[in-house]
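Here is the file work-v2.pdb (PDB, C-alpha atoms, pLDDT in the B column).
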ATOM      1  CA  MET A   5       0.000   0.000   0.000  1.00 96.00           C
ATOM      2  CA  LYS A   6       1.030   3.571  -0.604  1.00 98.00           C
ATOM      3  CA  LEU A   7       1.393   5.747   2.477  1.00 98.00           C
ATOM      4  CA  LEU A   8       1.590   9.528   2.559  1.00 98.00           C
ATOM      5  CA  TYR A   9       2.423  11.775   5.486  1.00 98.00           C
ATOM      6  CA  PHE A  10       1.807  15.487   5.788  1.00 98.00           C
ATOM      7  CA  ALA A  11       2.756  18.382   8.098  1.00 98.00           C
ATOM      8  CA  TRP A  12       4.237  17.278  11.445  1.00 97.00           C
ATOM      9  CA  VAL A  13       3.452  13.636  10.744  1.00 98.00           C
ATOM     10  CA  ARG A  14       5.904  13.831   7.826  1.00 98.00           C
ATOM     11  CA  GLN A  15       8.486  15.582  10.008  1.00 97.00           C
ATOM     12  CA  LYS A  16       8.276  13.016  12.809  1.00 97.00           C
ATOM     13  CA  ILE A  17       8.486  10.052  10.420  1.00 98.00           C
ATOM     14  CA  GLY A  18      11.112  11.705   8.225  1.00 97.00           C
ATOM     15  CA  CYS A  19       9.584  10.929   4.838  1.00 96.00           C
ATOM     16  CA  SER A  20       6.634  12.144   2.783  1.00 98.00           C
ATOM     17  CA  GLU A  21       5.601   8.895   1.123  1.00 98.00           C
ATOM     18  CA  GLU A  22       6.505   5.239   0.925  1.00 98.00           C
ATOM     19  CA  ASP A  23       5.246   1.963  -0.462  1.00 98.00           C
ATOM     20  CA  ILE A  24       4.980  -0.783   2.101  1.00 97.00           C
ATOM     21  CA  ALA A  25       3.937  -4.435   2.113  1.00 95.00           C
ATOM     22  CA  ALA A  26       1.841  -4.728   5.246  1.00 94.00           C
ATOM     23  CA  PRO A  27       1.017  -8.162   6.712  1.00 95.00           C
ATOM     24  CA  SER A  28      -2.301  -9.633   5.587  1.00 94.00           C
ATOM     25  CA  THR A  29      -3.663  -9.033   9.097  1.00 95.00           C
ATOM     26  CA  VAL A  30      -3.583  -5.290   8.421  1.00 97.00           C
ATOM     27  CA  THR A  31      -7.132  -4.777   7.155  1.00 97.00           C
ATOM     28  CA  THR A  32      -8.075  -1.545   8.942  1.00 98.00           C
ATOM     29  CA  VAL A  33      -6.416   1.816   9.483  1.00 98.00           C
ATOM     30  CA  THR A  34      -6.125   1.065  13.207  1.00 97.00           C
ATOM     31  CA  ALA A  35      -4.247  -2.176  12.463  1.00 98.00           C
ATOM     32  CA  LEU A  36      -1.977  -0.277  10.071  1.00 98.00           C
ATOM     33  CA  VAL A  37      -1.209   2.300  12.776  1.00 98.00           C
ATOM     34  CA  GLU A  38      -0.252  -0.478  15.218  1.00 97.00           C
ATOM     35  CA  PHE A  39       1.966  -2.058  12.540  1.00 97.00           C
ATOM     36  CA  LEU A  40       3.646   1.262  11.684  1.00 97.00           C
ATOM     37  CA  ARG A  41       4.337   2.179  15.313  1.00 97.00           C
ATOM     38  CA  LYS A  42       6.730  -0.752  15.545  1.00 96.00           C
ATOM     39  CA  ARG A  43       8.804   0.512  12.622  1.00 96.00           C
ATOM     40  CA  GLY A  44      10.807   3.047  14.634  1.00 96.00           C
ATOM     41  CA  ALA A  45      10.843   5.895  17.117  1.00 97.00           C
ATOM     42  CA  GLY A  46       9.643   8.473  14.569  1.00 97.00           C
ATOM     43  CA  TYR A  47       6.604   6.352  13.681  1.00 98.00           C
ATOM     44  CA  ASP A  48       5.896   5.698  17.339  1.00 97.00           C
ATOM     45  CA  ALA A  49       6.029   9.440  18.072  1.00 97.00           C
ATOM     46  CA  ALA A  50       3.727  10.262  15.143  1.00 97.00           C
ATOM     47  CA  PHE A  51       1.141   7.578  15.908  1.00 97.00           C
ATOM     48  CA  ARG A  52       1.260   7.497  19.708  1.00 94.00           C
ATOM     49  CA  ASP A  53      -1.980   9.401  20.133  1.00 93.00           C
ATOM     50  CA  VAL A  54      -4.320   9.081  17.174  1.00 93.00           C
ATOM     51  CA  LYS A  55      -6.703  11.696  18.527  1.00 92.00           C
ATOM     52  CA  PHE A  56      -4.279  14.257  17.031  1.00 91.00           C
ATOM     53  CA  LEU A  57      -4.389  12.501  13.652  1.00 96.00           C
ATOM     54  CA  ARG A  58      -6.702  12.368  10.693  1.00 97.00           C
ATOM     55  CA  VAL A  59      -6.651   9.829   7.885  1.00 98.00           C
ATOM     56  CA  ALA A  60      -7.669   9.686   4.246  1.00 98.00           C
ATOM     57  CA  VAL A  61      -8.126   6.507   2.226  1.00 98.00           C
ATOM     58  CA  ASN A  62      -7.789   6.944  -1.534  1.00 98.00           C
ATOM     59  CA  GLN A  63      -7.927  10.720  -1.097  1.00 98.00           C
ATOM     60  CA  GLU A  64     -11.167  10.766   0.910  1.00 97.00           C
ATOM     61  CA  HIS A  65     -11.506  11.500   4.611  1.00 97.00           C
ATOM     62  CA  ALA A  66     -11.953   8.226   6.499  1.00 98.00           C
ATOM     63  CA  GLY A  67     -12.234   6.857  10.015  1.00 97.00           C
ATOM     64  CA  PHE A  68      -9.665   4.681  11.768  1.00 97.00           C
ATOM     65  CA  ASP A  69     -12.074   1.777  11.411  1.00 97.00           C
ATOM     66  CA  ALA A  70     -11.992   2.065   7.593  1.00 98.00           C
ATOM     67  CA  ARG A  71     -11.090  -1.178   5.805  1.00 98.00           C
ATOM     68  CA  ILE A  72      -7.943  -1.042   3.693  1.00 98.00           C
ATOM     69  CA  GLY A  73      -6.076  -3.302   1.275  1.00 96.00           C
ATOM     70  CA  PRO A  74      -2.761  -3.544  -0.569  1.00 96.00           C
ATOM     71  CA  ASN A  75      -3.831  -1.295  -3.450  1.00 96.00           C
ATOM     72  CA  ASP A  76      -5.025   1.599  -1.304  1.00 98.00           C
ATOM     73  CA  GLU A  77      -3.436   5.007  -0.814  1.00 98.00           C
ATOM     74  CA  ILE A  78      -3.546   5.973   2.852  1.00 98.00           C
ATOM     75  CA  ALA A  79      -2.580   9.410   4.118  1.00 98.00           C
ATOM     76  CA  PHE A  80      -1.988  10.510   7.713  1.00 98.00           C
ATOM     77  CA  PHE A  81      -2.043  14.145   8.758  1.00 98.00           C
ATOM     78  CA  PRO A  82      -3.063  16.527  11.548  1.00 97.00           C
ATOM     79  CA  PRO A  83      -6.436  18.304  11.473  1.00 96.00           C
ATOM     80  CA  VAL A  84      -6.415  20.609   8.446  1.00 97.00           C
ATOM     81  CA  THR A  85      -5.706  24.347   8.743  1.00 95.00           C
ATOM     82  CA  GLY A  86      -6.150  25.816   5.269  1.00 92.00           C
ATOM     83  CA  GLY A  87      -8.088  28.832   4.105  1.00 90.00           C
TER
ATOM     84  CA  MET B   3     -18.486  27.305 -14.611  1.00 85.00           C
ATOM     85  CA  SER B   4     -16.256  26.392 -11.675  1.00 93.00           C
ATOM     86  CA  GLU B   5     -12.541  26.894 -11.475  1.00 96.00           C
ATOM     87  CA  ILE B   6     -10.253  25.464  -8.798  1.00 97.00           C
ATOM     88  CA  ARG B   7      -6.582  26.400  -8.773  1.00 98.00           C
ATOM     89  CA  ILE B   8      -3.890  25.486  -6.287  1.00 98.00           C
ATOM     90  CA  GLN B   9      -0.736  27.387  -7.055  1.00 98.00           C
ATOM     91  CA  ARG B  10       2.449  28.847  -5.605  1.00 98.00           C
ATOM     92  CA  GLN B  11       2.199  32.180  -7.405  1.00 98.00           C
ATOM     93  CA  ASP B  12       0.035  35.113  -6.377  1.00 98.00           C
ATOM     94  CA  PHE B  13      -3.308  35.825  -8.060  1.00 98.00           C
ATOM     95  CA  ASP B  14      -4.898  39.031  -9.316  1.00 98.00           C
ATOM     96  CA  PRO B  15      -8.142  39.612  -7.372  1.00 98.00           C
ATOM     97  CA  GLY B  16      -9.430  42.009 -10.036  1.00 98.00           C
ATOM     98  CA  ALA B  17      -8.962  39.449 -12.783  1.00 98.00           C
ATOM     99  CA  GLU B  18     -10.639  36.749 -10.666  1.00 98.00           C
ATOM    100  CA  LEU B  19     -13.630  39.011  -9.956  1.00 97.00           C
ATOM    101  CA  ALA B  20     -13.912  40.083 -13.580  1.00 97.00           C
ATOM    102  CA  ALA B  21     -13.955  36.449 -14.696  1.00 97.00           C
ATOM    103  CA  LEU B  22     -17.023  35.820 -12.506  1.00 97.00           C
ATOM    104  CA  ASN B  23     -19.140  38.281 -14.473  1.00 95.00           C
ATOM    105  CA  ASP B  24     -20.612  36.710 -17.596  1.00 89.00           C
ATOM    106  CA  GLY B  25     -20.632  40.184 -19.171  1.00 91.00           C
ATOM    107  CA  LYS B  26     -24.021  39.522 -20.765  1.00 93.00           C
ATOM    108  CA  GLY B  27     -26.229  40.727 -17.938  1.00 91.00           C
ATOM    109  CA  GLY B  28     -27.038  37.335 -16.423  1.00 91.00           C
ATOM    110  CA  THR B  29     -24.889  37.903 -13.342  1.00 95.00           C
ATOM    111  CA  GLY B  30     -26.585  39.995 -10.684  1.00 96.00           C
ATOM    112  CA  ALA B  31     -24.155  39.554  -7.808  1.00 97.00           C
ATOM    113  CA  VAL B  32     -20.559  38.590  -7.142  1.00 98.00           C
ATOM    114  CA  ALA B  33     -19.383  37.944  -3.580  1.00 98.00           C
ATOM    115  CA  SER B  34     -15.805  37.170  -2.713  1.00 98.00           C
ATOM    116  CA  PHE B  35     -13.469  36.466   0.156  1.00 98.00           C
ATOM    117  CA  ILE B  36      -9.698  36.921   0.252  1.00 98.00           C
ATOM    118  CA  GLY B  37      -7.654  35.421   3.068  1.00 98.00           C
ATOM    119  CA  LEU B  38      -4.332  37.113   3.899  1.00 98.00           C
ATOM    120  CA  VAL B  39      -1.305  36.190   6.000  1.00 97.00           C
ATOM    121  CA  ARG B  40      -1.743  38.056   9.300  1.00 95.00           C
ATOM    122  CA  GLY B  41       1.576  39.194  10.751  1.00 94.00           C
ATOM    123  CA  ASP B  42       0.711  38.933  14.430  1.00 89.00           C
ATOM    124  CA  ASP B  43       3.090  37.822  17.220  1.00 88.00           C
ATOM    125  CA  GLY B  44       6.179  38.527  15.135  1.00 93.00           C
ATOM    126  CA  LEU B  45       5.208  36.116  12.362  1.00 97.00           C
ATOM    127  CA  ILE B  46       7.999  35.957   9.780  1.00 98.00           C
ATOM    128  CA  ALA B  47       6.341  33.643   7.275  1.00 98.00           C
ATOM    129  CA  MET B  48       3.785  30.898   6.845  1.00 97.00           C
ATOM    130  CA  THR B  49       4.393  27.824   4.686  1.00 98.00           C
ATOM    131  CA  LEU B  50       1.349  26.018   3.321  1.00 98.00           C
ATOM    132  CA  ASP B  51       1.613  22.279   2.825  1.00 97.00           C
ATOM    133  CA  HIS B  52      -1.096  20.395   0.908  1.00 98.00           C
ATOM    134  CA  TYR B  53      -2.178  17.001  -0.387  1.00 98.00           C
ATOM    135  CA  PRO B  54      -2.185  17.307  -4.190  1.00 97.00           C
ATOM    136  CA  GLY B  55      -5.144  15.545  -5.760  1.00 97.00           C
ATOM    137  CA  MET B  56      -7.181  15.301  -2.576  1.00 98.00           C
ATOM    138  CA  CYS B  57      -7.282  19.107  -2.268  1.00 97.00           C
ATOM    139  CA  GLU B  58      -8.854  19.418  -5.690  1.00 96.00           C
ATOM    140  CA  SER B  59     -11.314  16.553  -5.136  1.00 96.00           C
ATOM    141  CA  GLU B  60     -12.384  17.818  -1.686  1.00 96.00           C
ATOM    142  CA  ILE B  61     -12.932  21.331  -3.023  1.00 97.00           C
ATOM    143  CA  ALA B  62     -14.834  19.959  -6.029  1.00 97.00           C
ATOM    144  CA  ALA B  63     -17.101  18.017  -3.648  1.00 96.00           C
ATOM    145  CA  HIS B  64     -17.804  21.186  -1.638  1.00 96.00           C
ATOM    146  CA  ILE B  65     -18.554  23.079  -4.831  1.00 97.00           C
ATOM    147  CA  ALA B  66     -21.007  20.374  -5.892  1.00 97.00           C
ATOM    148  CA  GLU B  67     -22.693  20.664  -2.478  1.00 97.00           C
ATOM    149  CA  ALA B  68     -22.839  24.482  -2.756  1.00 97.00           C
ATOM    150  CA  ARG B  69     -24.399  24.186  -6.201  1.00 97.00           C
ATOM    151  CA  LYS B  70     -27.149  21.974  -4.762  1.00 97.00           C
ATOM    152  CA  ARG B  71     -27.965  24.599  -2.149  1.00 97.00           C
ATOM    153  CA  TRP B  72     -27.739  27.859  -4.102  1.00 98.00           C
ATOM    154  CA  PRO B  73     -28.284  28.909  -7.724  1.00 97.00           C
ATOM    155  CA  ILE B  74     -24.644  29.597  -8.555  1.00 98.00           C
ATOM    156  CA  LEU B  75     -23.717  30.944 -11.978  1.00 97.00           C
ATOM    157  CA  ALA B  76     -19.938  30.869 -11.647  1.00 98.00           C
ATOM    158  CA  LEU B  77     -17.447  30.034  -8.966  1.00 98.00           C
ATOM    159  CA  ARG B  78     -13.683  30.388  -8.534  1.00 98.00           C
ATOM    160  CA  ILE B  79     -11.422  29.146  -5.768  1.00 98.00           C
ATOM    161  CA  VAL B  80      -7.694  29.896  -5.770  1.00 98.00           C
ATOM    162  CA  HIS B  81      -5.544  28.603  -2.898  1.00 98.00           C
ATOM    163  CA  ARG B  82      -1.842  29.282  -2.663  1.00 98.00           C
ATOM    164  CA  VAL B  83       0.763  26.902  -1.269  1.00 98.00           C
ATOM    165  CA  GLY B  84       4.413  27.364  -0.347  1.00 98.00           C
ATOM    166  CA  ARG B  85       6.057  30.069   1.769  1.00 98.00           C
ATOM    167  CA  LEU B  86       4.090  33.297   2.213  1.00 98.00           C
ATOM    168  CA  THR B  87       4.958  36.406   4.217  1.00 98.00           C
ATOM    169  CA  PRO B  88       2.620  38.768   6.163  1.00 98.00           C
ATOM    170  CA  GLY B  89       0.316  40.735   3.905  1.00 98.00           C
ATOM    171  CA  GLU B  90       0.392  38.173   1.109  1.00 98.00           C
ATOM    172  CA  ARG B  91      -2.807  36.676  -0.258  1.00 98.00           C
ATOM    173  CA  ILE B  92      -3.531  33.027   0.646  1.00 98.00           C
ATOM    174  CA  VAL B  93      -6.975  32.244  -0.733  1.00 98.00           C
ATOM    175  CA  PHE B  94      -9.662  33.624  -3.003  1.00 98.00           C
ATOM    176  CA  VAL B  95     -13.246  32.409  -3.054  1.00 98.00           C
ATOM    177  CA  GLY B  96     -15.606  34.106  -5.486  1.00 98.00           C
ATOM    178  CA  VAL B  97     -19.210  33.256  -6.272  1.00 98.00           C
ATOM    179  CA  ALA B  98     -21.510  34.730  -8.899  1.00 98.00           C
ATOM    180  CA  SER B  99     -25.258  34.412  -8.723  1.00 98.00           C
ATOM    181  CA  SER B 100     -28.375  36.262  -9.767  1.00 96.00           C
ATOM    182  CA  HIS B 101     -28.902  37.636  -6.269  1.00 94.00           C
ATOM    183  CA  ARG B 102     -26.666  38.625  -3.380  1.00 97.00           C
ATOM    184  CA  HIS B 103     -27.911  36.226  -0.687  1.00 97.00           C
ATOM    185  CA  ALA B 104     -26.902  33.175  -2.691  1.00 97.00           C
ATOM    186  CA  ALA B 105     -23.511  34.666  -3.539  1.00 98.00           C
ATOM    187  CA  PHE B 106     -22.737  35.709   0.068  1.00 98.00           C
ATOM    188  CA  GLN B 107     -23.930  32.450   1.594  1.00 98.00           C
ATOM    189  CA  ALA B 108     -22.211  30.176  -0.899  1.00 98.00           C
ATOM    190  CA  ALA B 109     -18.907  32.032  -0.437  1.00 98.00           C
ATOM    191  CA  GLU B 110     -19.136  31.674   3.335  1.00 97.00           C
ATOM    192  CA  PHE B 111     -20.141  28.016   3.086  1.00 97.00           C
ATOM    193  CA  LEU B 112     -17.168  27.295   0.834  1.00 97.00           C
ATOM    194  CA  MET B 113     -14.720  29.076   3.162  1.00 97.00           C
ATOM    195  CA  ASP B 114     -16.032  27.167   6.186  1.00 95.00           C
ATOM    196  CA  TYR B 115     -15.556  23.891   4.328  1.00 95.00           C
ATOM    197  CA  LEU B 116     -12.125  24.869   3.026  1.00 95.00           C
ATOM    198  CA  LYS B 117     -11.000  25.595   6.594  1.00 94.00           C
ATOM    199  CA  THR B 118     -12.230  22.329   8.055  1.00 94.00           C
ATOM    200  CA  ARG B 119     -12.057  19.732   5.257  1.00 95.00           C
ATOM    201  CA  ALA B 120      -9.577  20.670   2.521  1.00 97.00           C
ATOM    202  CA  PRO B 121      -6.162  19.098   3.202  1.00 98.00           C
ATOM    203  CA  PHE B 122      -3.931  22.140   3.702  1.00 98.00           C
ATOM    204  CA  TRP B 123      -1.639  22.754   6.688  1.00 98.00           C
ATOM    205  CA  LYS B 124       0.112  25.912   7.856  1.00 97.00           C
ATOM    206  CA  LEU B 125       3.613  26.031   9.329  1.00 98.00           C
ATOM    207  CA  GLU B 126       4.347  29.346  11.077  1.00 97.00           C
ATOM    208  CA  GLU B 127       7.847  30.787  11.335  1.00 97.00           C
ATOM    209  CA  ARG B 128       8.522  33.105  14.260  1.00 96.00           C
ATOM    210  CA  PRO B 129      11.757  34.332  15.872  1.00 95.00           C
ATOM    211  CA  SER B 130      11.168  31.636  18.532  1.00 94.00           C
ATOM    212  CA  GLY B 131      10.995  28.844  15.930  1.00 96.00           C
ATOM    213  CA  GLU B 132       8.567  26.929  13.734  1.00 97.00           C
ATOM    214  CA  ASN B 133       5.153  25.711  14.722  1.00 96.00           C
ATOM    215  CA  TRP B 134       2.362  23.865  12.882  1.00 97.00           C
ATOM    216  CA  VAL B 135      -0.908  25.744  13.322  1.00 95.00           C
ATOM    217  CA  ASP B 136      -3.512  23.870  15.368  1.00 92.00           C
ATOM    218  CA  ALA B 137      -7.031  23.476  14.038  1.00 89.00           C
ATOM    219  CA  ARG B 138      -9.411  25.959  15.657  1.00 86.00           C
ATOM    220  CA  SER B 139     -12.518  24.732  17.426  1.00 83.00           C
ATOM    221  CA  GLU B 140     -14.315  27.894  16.211  1.00 86.00           C
ATOM    222  CA  ASP B 141     -13.877  26.618  12.658  1.00 85.00           C
ATOM    223  CA  ASP B 142     -15.457  23.301  13.602  1.00 84.00           C
ATOM    224  CA  GLU B 143     -18.343  25.234  15.153  1.00 86.00           C
ATOM    225  CA  SER B 144     -18.749  27.380  12.017  1.00 86.00           C
ATOM    226  CA  ILE B 145     -19.318  24.353   9.833  1.00 88.00           C
ATOM    227  CA  LYS B 146     -22.157  23.026  12.003  1.00 89.00           C
ATOM    228  CA  ARG B 147     -24.563  25.744  10.891  1.00 90.00           C
ATOM    229  CA  TRP B 148     -24.555  24.330   7.361  1.00 89.00           C
ATOM    230  CA  ARG B 149     -25.688  20.831   8.393  1.00 86.00           C
TER
END

Show the structure stored in the file as structure tokens.
Amino acid sequence: MKLLYFAWVRQKIGCSEEDIAAPSTVTTVTALVEFLRKRGAGYDAAFRDVKFLRVAVNQEHAGFDARIGPNDEIAFFPPVTGG
Amino acid sequence: MSEIRIQRQDFDPGAELAALNDGKGGTGAVASFIGLVRGDDGLIAMTLDHYPGMCESEIAAHIAEARKRWPILALRIVHRVGRLTPGERIVFVGVASSHRHAAFQAAEFLMDYLKTRAPFWKLEERPSGENWVDARSEDDESIKRWR
């Protein structure tokens, strides 16, 4: 799956996008977050408290319970502050 | 006609407003909003980050919703990204309609949605350092009136 990170999520993780092969047990955003947290200190810092995070699946706002698969694009970011 | 542009360069508000008038007498009202970088608390600059693709699709969805609610003749949204300094323009929302209420309301609706749903983020630079702007609860409150 393709992952994108924006704003401070990108800064904490240290990259803006990556392609990963998640285990087949990763079928929801929440499961993906748990998987990513184990990848390093930056990931752990970014995903420690998901109440500060928002997620989009295939460029649409989604919930952490959204179902995801290997062909999806998933983006993590803080609450938006445009305008 | 709807136009959505996300760009680094500045825009010309006069040209944007002029483009909203059909020039044939069908347009009775044009309402617009321009957001500017406010230089409070020693702000040096503001850098806007965005999610290309999703920004355009989110804004297009809000435009479609606005068009369901009000009789809109033309609509233009320009949002800048990159590093901007105090006094610079950030965003333009312009709506043309036959009558003013529709134009005013649709412009306000679109700004409220831009603030709370479109994937843009602001990084502020101050003498003390850099800081990502937190979402404002007032903006979340503003959007509730449209539900």

Residues of chain B that approach chain A to 9 Å or less, counting all atoms listed in the file: could you list each one with the shortest pair of atoms and its distance in Å to one decimal, rows by chain and increasing residue number, as a Markdown table?
| residue | atom | partner | partner_atom | distance |
| --- | --- | --- | --- | --- |
| B:Gly37 | CA | A:Gly87 | CA | 6.7 |
| B:Leu50 | CA | A:Gly86 | CA | 7.8 |
| B:Asp51 | CA | A:Ala11 | CA | 6.7 |
| B:His52 | CA | A:Phe10 | CA | 7.5 |
| B:Tyr53 | CA | A:Phe10 | CA | 7.5 |
| B:Gly55 | CA | A:Gln63 | CA | 7.3 |
| B:Met56 | CA | A:Gln63 | CA | 4.9 |
| B:Cys57 | CA | A:Gln63 | CA | 8.5 |
| B:Ser59 | CA | A:Gln63 | CA | 7.9 |
| B:Glu60 | CA | A:Glu64 | CA | 7.6 |
| B:His81 | CA | A:Gly87 | CA | 7.5 |
| B:Ile92 | CA | A:Gly87 | CA | 7.1 |
| B:Val93 | CA | A:Gly87 | CA | 6.0 |
| B:Phe94 | CA | A:Gly87 | CA | 8.7 |
| B:Met113 | CA | A:Gly87 | CA | 6.7 |
| B:Asp114 | CA | A:Gly87 | CA | 8.4 |
| B:Tyr115 | CA | A:Gly87 | CA | 9.0 |
| B:Leu116 | CA | A:Gly87 | CA | 5.8 |
| B:Lys117 | CA | A:Gly87 | CA | 5.0 |
| B:Thr118 | CA | A:Val84 | CA | 6.1 |
| B:Arg119 | CA | A:Val84 | CA | 6.5 |
| B:Ala120 | CA | A:Val84 | CA | 6.7 |
| B:Pro121 | CA | A:Val84 | CA | 5.5 |
| B:Phe122 | CA | A:Gly86 | CA | 4.6 |
| B:Trp123 | CA | A:Thr85 | CA | 4.8 |
| B:Lys124 | CA | A:Thr85 | CA | 6.1 |
| B:Leu125 | CA | A:Ala11 | CA | 7.8 |
| B:Trp134 | CA | A:Trp12 | CA | 7.0 |
| B:Val135 | CA | A:Thr85 | CA | 6.8 |
| B:Asp136 | CA | A:Thr85 | CA | 7.0 |
| B:Ala137 | CA | A:Thr85 | CA | 5.5 |
| B:Arg138 | CA | A:Thr85 | CA | 8.0 |

Q | Result set of the PyMOL selection byres ((chain B and resi 149) around 12) on the coordinates above, as a list of chain:residue names | A |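 Applied to this file, the PyMOL selection byres ((chain B and resi 149) around 12) selects B:Glu67, B:Arg71, B:Phe111, B:Asp114, B:Tyr115, B:Asp142, B:Glu143, B:Ser144, B:Ile145, B:Lys146, B:Arg147, B:Trp148.
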
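Atom pair CA of Phe13 in chain B / CA of Arg128 in chain B: separated by 25.4 Å.
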
Q: Determine the residue membership of the PyMOL selection byres ((chain A and resi 5) around 6) for the file above and supply it as a PyMOL selection string.
A: chain A and resi 6+23-24+74-76

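If you look at CA of Ala50 in chain A and CA of Gln15 in chain A, they are 8.8 Å away from each other.
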
**Q.** Point-to-point distance from CA of Leu112 in chain B to CA of Arg7 in chain B, Å rounded to tenths
**A.**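 These atoms are spaced 14.3 Å apart.
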
(Q) Please expand the PyMOL selection byres ((chain B and resi 24) around 12) into the concrete residues it hits in this file, giving the result as a PyMOL selection string. (A) chain B and resi 3+19-23+25-32+75-77+97-100

(Q) Set the distance at 6 Å and use all atoms listed in the file: which residues neighbour range 26-41 of chain A once local chain neighbours fewer than 4 positions away are removed? I'd like the list as a PyMOL selection string. (A) chain A and resi 47-48+68-72

For Val39 in chain B, list every protein, DNA or RNA residue within 7 Å, evaluated using all atoms listed in the file, and leave out those in the same chain fewer than 5 positions away; present the list as a PDB file with C-alpha atoms, in the frame of the given file.
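Final file, around_38.pdb:
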ATOM      1  CA  THR B  87       4.958  36.406   4.217  1.00 98.00           C
ATOM      2  CA  PRO B  88       2.620  38.768   6.163  1.00 98.00           C
ATOM      3  CA  GLY B  89       0.316  40.735   3.905  1.00 98.00           C
ATOM      4  CA  GLU B  90       0.392  38.173   1.109  1.00 98.00           C
ATOM      5  CA  ARG B  91      -2.807  36.676  -0.258  1.00 98.00           C
ATOM      6  CA  ILE B  92      -3.531  33.027   0.646  1.00 98.00           C
TER       7      ILE B  92
END

Around all the atoms of range 9-22 of chain A listed in the file, with 5 Å of room on each side, what axis-aligned box do you get, giving centre and edge lengths in Å to one decimal, as JSON?
{"center_x": 6.5, "center_y": 11.8, "center_z": 6.9, "size_x": 19.3, "size_y": 23.1, "size_z": 21.9}

**Q.** B:Ala108, B:Glu132, B:Gln11, B:Ser4 ranked by distance to Ala68 in chain B, top pick (using all atoms listed in the file)
**A.**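 Nearest candidate to Ala68 in chain B out of B:Ala108, B:Glu132, B:Gln11, B:Ser4: B:Ala108.
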